$ cat input30.txt   # compact mmCIF, C-alpha atoms
# COMPACT_ATOMS: atom_id res chain seq x y z
CA MET A 663 124.60 94.02 137.67
CA SER A 664 126.48 91.65 135.37
CA ASP A 665 124.92 90.21 132.25
CA VAL A 666 123.88 87.05 134.10
CA GLN A 667 122.96 87.23 137.77
CA ARG A 668 122.85 84.08 139.88
CA THR A 669 121.17 83.14 143.14
CA SER A 670 123.02 81.77 146.14
CA ASN A 671 122.72 78.20 144.79
CA GLY A 672 124.20 79.16 141.42
CA GLN A 673 120.99 79.40 139.43
CA ARG A 674 120.23 82.33 137.21
CA THR A 675 117.73 84.59 138.93
CA LEU A 676 114.70 83.68 136.80
CA GLU A 677 115.17 79.96 136.18
CA GLY A 678 111.84 78.20 136.52
CA ARG A 679 109.89 81.40 135.88
CA VAL A 680 107.48 81.82 132.98
CA ALA A 681 106.94 85.16 131.25
CA LEU A 682 104.73 86.51 128.51
CA VAL A 683 106.02 89.53 126.63
CA ALA A 684 103.08 90.73 124.59
CA GLY A 685 104.33 92.78 121.66
CA ALA A 686 107.87 91.41 121.47
CA THR A 687 108.65 91.56 117.77
CA ARG A 688 111.06 94.49 118.05
CA GLY A 689 112.10 97.45 120.20
CA ALA A 690 111.60 97.38 123.95
CA GLY A 691 109.56 94.18 123.80
CA ARG A 692 112.37 92.28 122.14
CA GLY A 693 114.93 93.74 124.53
CA ILE A 694 112.85 92.73 127.53
CA ALA A 695 112.25 89.21 126.26
CA VAL A 696 115.96 88.63 125.61
CA GLN A 697 117.02 89.89 129.03
CA LEU A 698 114.43 87.74 130.78
CA GLY A 699 115.86 84.83 128.82
CA ALA A 700 119.37 85.78 129.87
CA GLN A 701 118.28 85.18 133.44
CA GLY A 702 116.94 81.73 132.59
CA ALA A 703 113.22 82.41 132.13
CA THR A 704 110.89 80.64 129.74
CA VAL A 705 109.54 83.50 127.64
CA TYR A 706 106.50 83.42 125.42
CA VAL A 707 106.81 86.20 122.87
CA SER A 708 103.79 87.32 120.89
CA GLY A 709 103.30 89.56 117.90
CA ARG A 710 101.94 89.77 114.37
CA SER A 711 105.07 89.87 112.20
CA THR A 712 106.27 86.43 111.15
CA ARG A 713 108.61 85.05 108.55
CA ASP A 714 105.59 84.18 106.44
CA ARG A 715 103.61 87.39 106.91
CA ARG A 716 104.46 90.93 107.91
CA SER A 717 102.19 93.32 109.78
CA GLU A 718 101.39 96.77 108.40
CA TYR A 719 104.81 97.88 109.66
CA ASP A 720 106.29 95.91 106.76
CA ARG A 721 109.59 95.51 108.61
CA PRO A 722 112.02 92.58 108.67
CA GLU A 723 111.89 91.79 112.39
CA THR A 724 109.85 88.69 113.24
CA ILE A 725 108.46 87.11 116.37
CA GLU A 726 110.31 83.86 115.56
CA GLU A 727 113.60 85.76 115.51
CA THR A 728 112.85 87.21 118.94
CA ALA A 729 112.22 83.73 120.34
CA GLU A 730 115.53 82.51 118.90
CA LEU A 731 117.35 85.43 120.53
CA VAL A 732 115.76 84.55 123.88
CA THR A 733 116.97 80.97 123.57
CA ALA A 734 120.43 82.08 122.47
CA ALA A 735 120.62 84.31 125.56
CA GLY A 736 120.09 81.30 127.82
CA GLY A 737 116.35 81.04 128.26
CA GLN A 738 113.62 79.26 126.34
CA GLY A 739 111.95 81.44 123.75
CA ILE A 740 108.54 80.41 122.42
CA ALA A 741 107.01 82.42 119.59
CA VAL A 742 103.22 82.69 119.37
CA VAL A 743 101.52 84.62 116.60
CA ALA A 744 98.73 86.71 118.08
CA ASP A 745 96.85 89.91 117.37
CA HIS A 746 96.12 91.36 120.79
CA LEU A 747 93.09 93.20 119.47
CA VAL A 748 91.40 89.84 118.93
CA PRO A 749 90.17 88.44 122.26
CA GLY A 750 89.98 84.87 120.97
CA GLU A 751 93.63 84.90 119.92
CA VAL A 752 94.76 86.24 123.30
CA GLU A 753 92.61 83.72 125.14
CA ALA A 754 94.18 80.93 123.08
CA LEU A 755 97.67 82.27 123.79
CA VAL A 756 97.09 82.26 127.55
CA GLY A 757 95.44 78.84 127.32
CA ARG A 758 98.54 77.50 125.63
CA ILE A 759 100.79 78.87 128.38
CA ASP A 760 98.52 77.27 130.97
CA ALA A 761 98.53 73.92 129.18
CA GLU A 762 102.29 73.86 128.63
CA GLN A 763 103.53 75.51 131.84
CA GLY A 764 100.66 75.65 134.32
CA ARG A 765 101.80 79.04 135.55
CA LEU A 766 102.66 82.60 134.57
CA ASP A 767 105.02 84.72 136.67
CA VAL A 768 105.61 87.83 134.56
CA LEU A 769 103.30 89.63 132.15
CA VAL A 770 104.74 92.48 130.08
CA ASN A 771 102.16 94.49 128.17
CA ASP A 772 104.28 96.11 125.47
CA ILE A 773 101.77 96.15 122.61
CA TRP A 774 101.95 99.46 120.75
CA GLY A 775 101.91 99.55 116.96
CA GLY A 776 101.40 103.30 116.70
CA GLU A 777 104.55 104.60 115.03
CA LEU A 778 102.87 104.88 111.65
CA LEU A 779 99.68 106.40 113.06
CA PHE A 780 100.48 109.45 115.19
CA GLU A 781 101.07 112.91 113.76
CA TRP A 782 103.44 115.28 115.56
CA ASP A 783 101.85 118.41 117.06
CA SER A 784 98.55 117.66 115.35
CA THR A 785 95.40 118.82 117.13
CA VAL A 786 92.44 116.52 117.65
CA TRP A 787 90.57 118.22 114.80
CA GLU A 788 93.55 118.13 112.42
CA HIS A 789 94.73 114.61 113.17
CA ASP A 790 93.48 111.85 110.89
CA LEU A 791 90.58 110.44 112.91
CA ASP A 792 90.81 106.85 111.74
CA LYS A 793 94.53 106.75 112.54
CA GLY A 794 93.97 108.35 115.94
CA LEU A 795 91.26 105.90 116.92
CA ARG A 796 93.31 102.97 115.62
CA LEU A 797 96.23 104.17 117.74
CA LEU A 798 94.05 104.21 120.87
CA ARG A 799 92.79 100.71 120.14
CA LEU A 800 96.31 99.37 119.62
CA ALA A 801 97.81 101.13 122.63
CA VAL A 802 95.02 100.80 125.18
CA GLU A 803 92.45 98.17 124.20
CA THR A 804 95.13 95.54 123.55
CA HIS A 805 96.53 95.94 127.07
CA ALA A 806 93.09 95.58 128.63
CA ILE A 807 92.32 92.46 126.59
CA THR A 808 95.64 90.86 127.46
CA SER A 809 95.34 91.56 131.17
CA HIS A 810 91.76 90.25 131.19
CA PHE A 811 92.89 86.82 130.02
CA ALA A 812 96.41 86.61 131.47
CA VAL A 813 95.96 87.92 135.01
CA PRO A 814 93.90 84.94 136.29
CA LEU A 815 96.80 82.62 135.38
CA LEU A 816 99.27 85.03 136.96
CA LEU A 817 97.29 85.06 140.21
CA ARG A 818 97.76 81.33 140.73
CA THR A 819 101.36 81.84 141.84
CA PRO A 820 102.10 84.45 144.55
CA GLY A 821 104.72 87.06 143.74
CA GLY A 822 103.78 87.69 140.11
CA LEU A 823 104.57 90.86 138.20
CA VAL A 824 102.72 92.90 135.56
CA VAL A 825 104.69 95.54 133.66
CA GLU A 826 102.78 98.11 131.63
CA MET A 827 105.16 99.63 129.08
CA THR A 828 104.63 103.28 128.17
CA ASP A 829 106.46 106.46 127.16
CA GLY A 830 107.17 108.91 129.96
CA THR A 831 106.84 108.78 133.71
CA ALA A 832 103.63 109.80 135.43
CA GLU A 833 105.39 112.85 136.84
CA TYR A 834 106.79 113.92 133.48
CA ASN A 835 103.62 113.37 131.49
CA ALA A 836 101.37 115.04 134.05
CA SER A 837 102.67 118.50 133.16
CA ARG A 838 103.74 118.06 129.52
CA TYR A 839 101.89 117.68 126.23
CA ARG A 840 103.16 114.51 124.57
CA VAL A 841 103.29 114.67 120.77
CA SER A 842 99.55 114.92 119.98
CA PHE A 843 96.07 114.48 121.49
CA PHE A 844 95.87 110.78 120.64
CA TYR A 845 99.47 109.94 121.59
CA ASP A 846 99.18 111.84 124.87
CA ILE A 847 96.01 110.00 125.85
CA ALA A 848 97.40 106.61 124.85
CA LYS A 849 100.55 106.88 126.95
CA SER A 850 98.78 108.43 129.94
CA SER A 851 96.13 105.71 129.83
CA VAL A 852 98.77 103.01 130.17
CA LEU A 853 100.22 104.79 133.20
CA ARG A 854 96.80 104.78 134.79
CA MET A 855 96.33 101.10 133.90
CA ALA A 856 99.33 100.22 136.05
CA PHE A 857 97.89 102.25 138.93
CA ALA A 858 94.51 100.52 138.61
CA LEU A 859 96.07 97.08 138.31
CA GLY A 860 98.18 97.79 141.37
CA HIS A 861 95.01 98.54 143.32
CA GLU A 862 93.38 95.32 142.16
CA LEU A 863 96.39 92.98 142.26
CA GLY A 864 98.41 94.23 145.22
CA PRO A 865 96.13 92.72 147.88
CA ARG A 866 96.19 89.46 145.92
CA GLY A 867 99.97 89.07 145.96
CA VAL A 868 100.81 90.40 142.50
CA THR A 869 102.68 93.63 141.70
CA ALA A 870 101.82 95.95 138.82
CA VAL A 871 104.02 98.82 137.61
CA ALA A 872 104.32 101.17 134.68
CA LEU A 873 107.76 101.32 133.08
CA THR A 874 109.24 103.65 130.50
CA PRO A 875 112.56 103.44 128.69
CA GLY A 876 114.35 106.64 127.85
CA TRP A 877 115.23 107.62 124.29
CA LEU A 878 115.25 104.13 122.84
CA ARG A 879 117.65 103.04 120.13
CA SER A 880 115.10 100.71 118.62
CA GLU A 881 115.47 99.25 115.15
CA MET A 882 113.07 101.85 113.77
CA MET A 883 114.81 104.75 115.51
CA LEU A 884 118.22 103.71 114.23
CA ASP A 885 116.83 103.38 110.71
CA ALA A 886 115.19 106.80 110.95
CA PHE A 887 118.54 108.39 111.81
CA GLY A 888 120.41 106.38 109.17
CA VAL A 889 122.73 104.66 111.68
CA THR A 890 123.23 101.27 113.27
CA GLU A 891 123.90 100.28 116.86
CA ALA A 892 127.60 100.12 115.98
CA ASN A 893 127.81 103.75 114.82
CA TRP A 894 124.80 105.34 116.53
CA ARG A 895 126.85 108.27 117.78
CA ASP A 896 127.16 109.49 114.18
CA ALA A 897 123.56 110.72 114.57
CA LEU A 898 124.60 113.22 117.26
CA GLU A 899 125.78 115.66 114.59
CA LYS A 900 122.15 116.17 113.51
CA VAL A 901 120.39 115.23 116.78
CA PRO A 902 122.76 116.16 119.62
CA HIS A 903 120.41 115.10 122.45
CA PHE A 904 120.47 111.55 121.06
CA GLY A 905 123.58 111.17 123.22
CA ILE A 906 121.33 110.24 126.16
CA SER A 907 119.78 107.32 124.26
CA GLU A 908 119.81 103.70 125.40
CA THR A 909 119.51 100.21 123.93
CA PRO A 910 116.42 98.03 124.37
CA ALA A 911 118.53 95.76 126.57
CA TYR A 912 118.62 98.48 129.24
CA VAL A 913 114.89 98.47 129.90
CA GLY A 914 115.03 94.70 129.50
CA ARG A 915 117.44 94.51 132.40
CA ALA A 916 115.10 96.74 134.37
CA VAL A 917 112.27 94.22 133.94
CA ALA A 918 114.57 91.31 134.79
CA ALA A 919 115.67 93.08 137.98
CA LEU A 920 112.08 93.73 139.01
CA ALA A 921 111.09 90.14 138.30
CA ALA A 922 113.94 88.81 140.44
CA ASP A 923 113.35 91.20 143.38
CA PRO A 924 111.71 89.39 146.32
CA GLU A 925 110.56 92.79 147.57
CA VAL A 926 109.14 93.98 144.25
CA ALA A 927 105.80 94.74 145.93
CA ARG A 928 107.31 97.99 147.22
CA TRP A 929 106.91 99.35 143.69
CA ASN A 930 103.25 98.38 143.32
CA GLY A 931 101.16 100.84 141.32
CA GLN A 932 104.10 103.13 140.65
CA SER A 933 105.52 104.69 137.51
CA LEU A 934 109.18 103.77 136.96
CA SER A 935 111.93 104.39 134.41
CA SER A 936 114.89 102.35 133.23
CA GLY A 937 117.34 104.98 134.47
CA GLN A 938 115.72 105.14 137.90
CA LEU A 939 115.84 101.36 138.30
CA ALA A 940 119.46 101.17 137.12
CA GLY A 941 120.35 103.37 140.07
CA GLU A 942 118.32 101.15 142.39
CA TYR A 943 119.45 97.73 141.17
CA GLY A 944 122.90 98.50 139.78
CA PHE A 945 122.53 97.18 136.23
CA THR A 946 123.97 98.98 133.21
CA ASP A 947 123.30 99.31 129.52
CA LEU A 948 125.35 97.17 127.14
CA ASP A 949 128.16 99.74 127.06
CA GLY A 950 128.45 99.85 130.86
CA SER A 951 126.72 103.23 131.20
CA ARG A 952 123.53 104.12 133.10
CA PRO A 953 121.55 106.64 131.03
CA ASP A 954 119.02 108.63 133.05
CA ALA A 955 117.03 110.08 130.16
CA TRP A 956 114.05 111.54 132.00
CA ARG A 957 116.21 113.51 134.42
CA TYR A 958 118.26 114.68 131.44
CA MET A 959 115.17 115.85 129.59
CA VAL A 960 113.91 117.84 132.58
CA GLU A 961 117.27 119.40 133.38
CA VAL A 962 118.94 119.75 129.95
CA GLN A 963 116.78 119.15 126.90
CA ASP A 964 113.47 120.76 127.88
CA PRO A 965 115.04 124.00 129.20
CA GLY A 966 116.91 124.36 125.90
CA HIS A 967 120.43 123.86 127.21
CA PRO A 968 123.18 122.59 124.87
CA ALA A 969 123.27 118.82 124.57
CA ASP A 970 125.63 117.34 127.13
CA ALA A 971 125.01 113.92 128.67
CA THR A 972 127.89 114.27 131.13
CA GLY A 973 126.64 113.18 134.52
CA TYR A 974 123.49 111.63 133.06
CA ARG A 975 124.95 108.35 131.79

$ encode --input "input30.txt" --output "structure tokens"
Amino acid sequence: MSDVQRTSNGQRTLEGRVALVAGATRGAGRGIAVQLGAQGATVYVSGRSTRDRRSEYDRPETIEETAELVTAAGGQGIAVVADHLVPGEVEALVGRIDAEQGRLDVLVNDIWGGELLFEWDSTVWEHDLDKGLRLLRLAVETHAITSHFAVPLLLRTPGGLVVEMTDGTAEYNASRYRVSFFYDIAKSSVLRMAFALGHELGPRGVTAVALTPGWLRSEMMLDAFGVTEANWRDALEKVPHFGISETPAYVGRAVAALAADPEVARWNGQSLSSGQLAGEYGFTDLDGSRPDAWRYMVEVQDPGHPADATGYR
């Protein structure tokens, strides 16, 4: 798949479509929003970090910047400040989309906010309780609130899509402990949300899926390893398996491919990954590769084999 796909009449594949990417300030959410814009969509991007006020992350990325990147990519980016734990703010966000567009075609639930809250390999009795409960609220309650208000608008137009963003496929997470009690539950809950939404929405003409990127080269991950996107391979000396990593654009292209697929209903209720969908739809990451991180982790990383991404990207 090239950077910009076009239909038979020359239009980009998502022109005329309206999307909401909830939690689009940075990381996968930003990557998804930009790639939807690259295909011509109008994309509402929501988050808490603005140029006037930062969230508790205290990072430089802002929701306004994401909207500008969407527009620069060829779509229309519209930034809306919203805390998805506050029902009234989410209701107002969806009401604005209804008033301005009268439709919603794609909903991406990418709200997370847990990087500063989870503790690696910390048992339920050792983990800070307030942080653990806050993580669950941010990762699970926000998705439920957003779907509650946004799905009725989505249902007005047949062929809509809901994407629940998580970490890990259903198959992978079913047999593996993920980071900690609270993290494990949060990510598994989102997988089950997609399954439940698929059951409720499928008969009504809307498709719901869970989607996971692989090892994501988000802004925070690059900072943690002391590298940039330009020299990210320098981190392989300390973290060799980082060679399987991918940019946020990769999972963004996965969402854009799903949204443009007239037969997307075949995926309803399923758990998908960026690498899996790259093989299905033919898109690549920005460097032209197709990382398949979850297969790599099962076959190389988890068994303890030496890092070698040959044949996996």

$ closest_atom_pairs --input "input30.txt" --of "region 758-859 of chain A" --to "region 716-723 of chain A" --cutoff "12 Å" --atoms "all atoms listed in the file" --output "JSON lines"
{"residue": "A:Trp774", "atom": "CA", "partner": "A:Tyr719", "partner_atom": "CA", "distance": 11.6}
{"residue": "A:Gly775", "atom": "CA", "partner": "A:Tyr719", "partner_atom": "CA", "distance": 8.0}
{"residue": "A:Gly776", "atom": "CA", "partner": "A:Tyr719", "partner_atom": "CA", "distance": 9.5}
{"residue": "A:Glu777", "atom": "CA", "partner": "A:Tyr719", "partner_atom": "CA", "distance": 8.6}
{"residue": "A:Leu778", "atom": "CA", "partner": "A:Tyr719", "partner_atom": "CA", "distance": 7.5}
{"residue": "A:Leu779", "atom": "CA", "partner": "A:Tyr719", "partner_atom": "CA", "distance": 10.5}

$ atom_distance --input "input30.txt" --atom1 "CA of Ile906 (chain A)" --atom2 "CA of Arg840 (chain A)"
18.7 Å

$ closest_residue --input "input30.txt" --among "A:Glu908, A:Asp964, A:Glu751, A:Asp970" --to "Leu948 (chain A)" --atoms "only C-alpha atoms"
A:Glu908

$ atom_distance --input "input30.txt" --atom1 "CA of Gly691 (chain A)" --atom2 "CA of Met827 (chain A)"
8.8 Å

$ closest_residue --input "input30.txt" --among "A:Thr831, A:Thr946, A:Ser809, A:Gln701" --to "Ala858 (chain A)" --atoms "all atoms listed in the file"
A:Ser809

$ closest_residue --input "input30.txt" --among "A:Gly709, A:Gly860, A:Pro820, A:Gly973" --to "Thr804 (chain A)" --atoms "only C-alpha atoms"
A:Gly709

$ atom_distance --input "input30.txt" --atom1 "CA of Gly950 (chain A)" --atom2 "CA of Arg879 (chain A)"
15.6 Å

$ closest_residue --input "input30.txt" --among "A:Glu788, A:Glu803, A:Glu762, A:Glu942" --to "Pro749 (chain A)" --atoms "all atoms listed in the file"
A:Glu803

$ closest_residue --input "input30.txt" --among "A:Arg915, A:Arg975, A:His805, A:Arg692" --to "Met855 (chain A)" --atoms "all atoms listed in the file"
A:His805

$ closest_residue --input "input30.txt" --among "A:Leu755, A:Ala872, A:Leu731, A:Ala700" --to "Phe811 (chain A)" --atoms "only C-alpha atoms"
A:Leu755

$ residues_around --input "input30.txt" --residues "region 702-705 of chain A" --least-positions-apart "4" --cutoff "10 Å" --atoms "all atoms listed in the file" --output "ChimeraX atom specification"
/A:666-668,673-683,694-698,729,732-733,735-741,759,763,766-769,918

$ write_last_selection --input "input30.txt" --atoms "C-alpha atoms" --output "mmCIF file, keeping the file's coordinate frame"
data_model
loop_
_atom_site.group_PDB
_atom_site.id
_atom_site.type_symbol
_atom_site.label_atom_id
_atom_site.label_comp_id
_atom_site.auth_asym_id
_atom_site.auth_seq_id
_atom_site.Cartn_x
_atom_site.Cartn_y
_atom_site.Cartn_z
ATOM 1 C CA VAL A 666 123.880 87.050 134.100
ATOM 2 C CA GLN A 667 122.960 87.230 137.770
ATOM 3 C CA ARG A 668 122.850 84.080 139.880
ATOM 4 C CA GLN A 673 120.990 79.400 139.430
ATOM 5 C CA ARG A 674 120.230 82.330 137.210
ATOM 6 C CA THR A 675 117.730 84.590 138.930
ATOM 7 C CA LEU A 676 114.700 83.680 136.800
ATOM 8 C CA GLU A 677 115.170 79.960 136.180
ATOM 9 C CA GLY A 678 111.840 78.200 136.520
ATOM 10 C CA ARG A 679 109.890 81.400 135.880
ATOM 11 C CA VAL A 680 107.480 81.820 132.980
ATOM 12 C CA ALA A 681 106.940 85.160 131.250
ATOM 13 C CA LEU A 682 104.730 86.510 128.510
ATOM 14 C CA VAL A 683 106.020 89.530 126.630
ATOM 15 C CA ILE A 694 112.850 92.730 127.530
ATOM 16 C CA ALA A 695 112.250 89.210 126.260
ATOM 17 C CA VAL A 696 115.960 88.630 125.610
ATOM 18 C CA GLN A 697 117.020 89.890 129.030
ATOM 19 C CA LEU A 698 114.430 87.740 130.780
ATOM 20 C CA ALA A 729 112.220 83.730 120.340
ATOM 21 C CA VAL A 732 115.760 84.550 123.880
ATOM 22 C CA THR A 733 116.970 80.970 123.570
ATOM 23 C CA ALA A 735 120.620 84.310 125.560
ATOM 24 C CA GLY A 736 120.090 81.300 127.820
ATOM 25 C CA GLY A 737 116.350 81.040 128.260
ATOM 26 C CA GLN A 738 113.620 79.260 126.340
ATOM 27 C CA GLY A 739 111.950 81.440 123.750
ATOM 28 C CA ILE A 740 108.540 80.410 122.420
ATOM 29 C CA ALA A 741 107.010 82.420 119.590
ATOM 30 C CA ILE A 759 100.790 78.870 128.380
ATOM 31 C CA GLN A 763 103.530 75.510 131.840
ATOM 32 C CA LEU A 766 102.660 82.600 134.570
ATOM 33 C CA ASP A 767 105.020 84.720 136.670
ATOM 34 C CA VAL A 768 105.610 87.830 134.560
ATOM 35 C CA LEU A 769 103.300 89.630 132.150
ATOM 36 C CA ALA A 918 114.570 91.310 134.790
#

$ residues_near_point --input "input30.txt" --point "(94.1, 94.5, 118.4)" --cutoff "6 Å" --atoms "only C-alpha atoms" --output "MDAnalysis selection string"
chainID A and resid 745:748 800 804
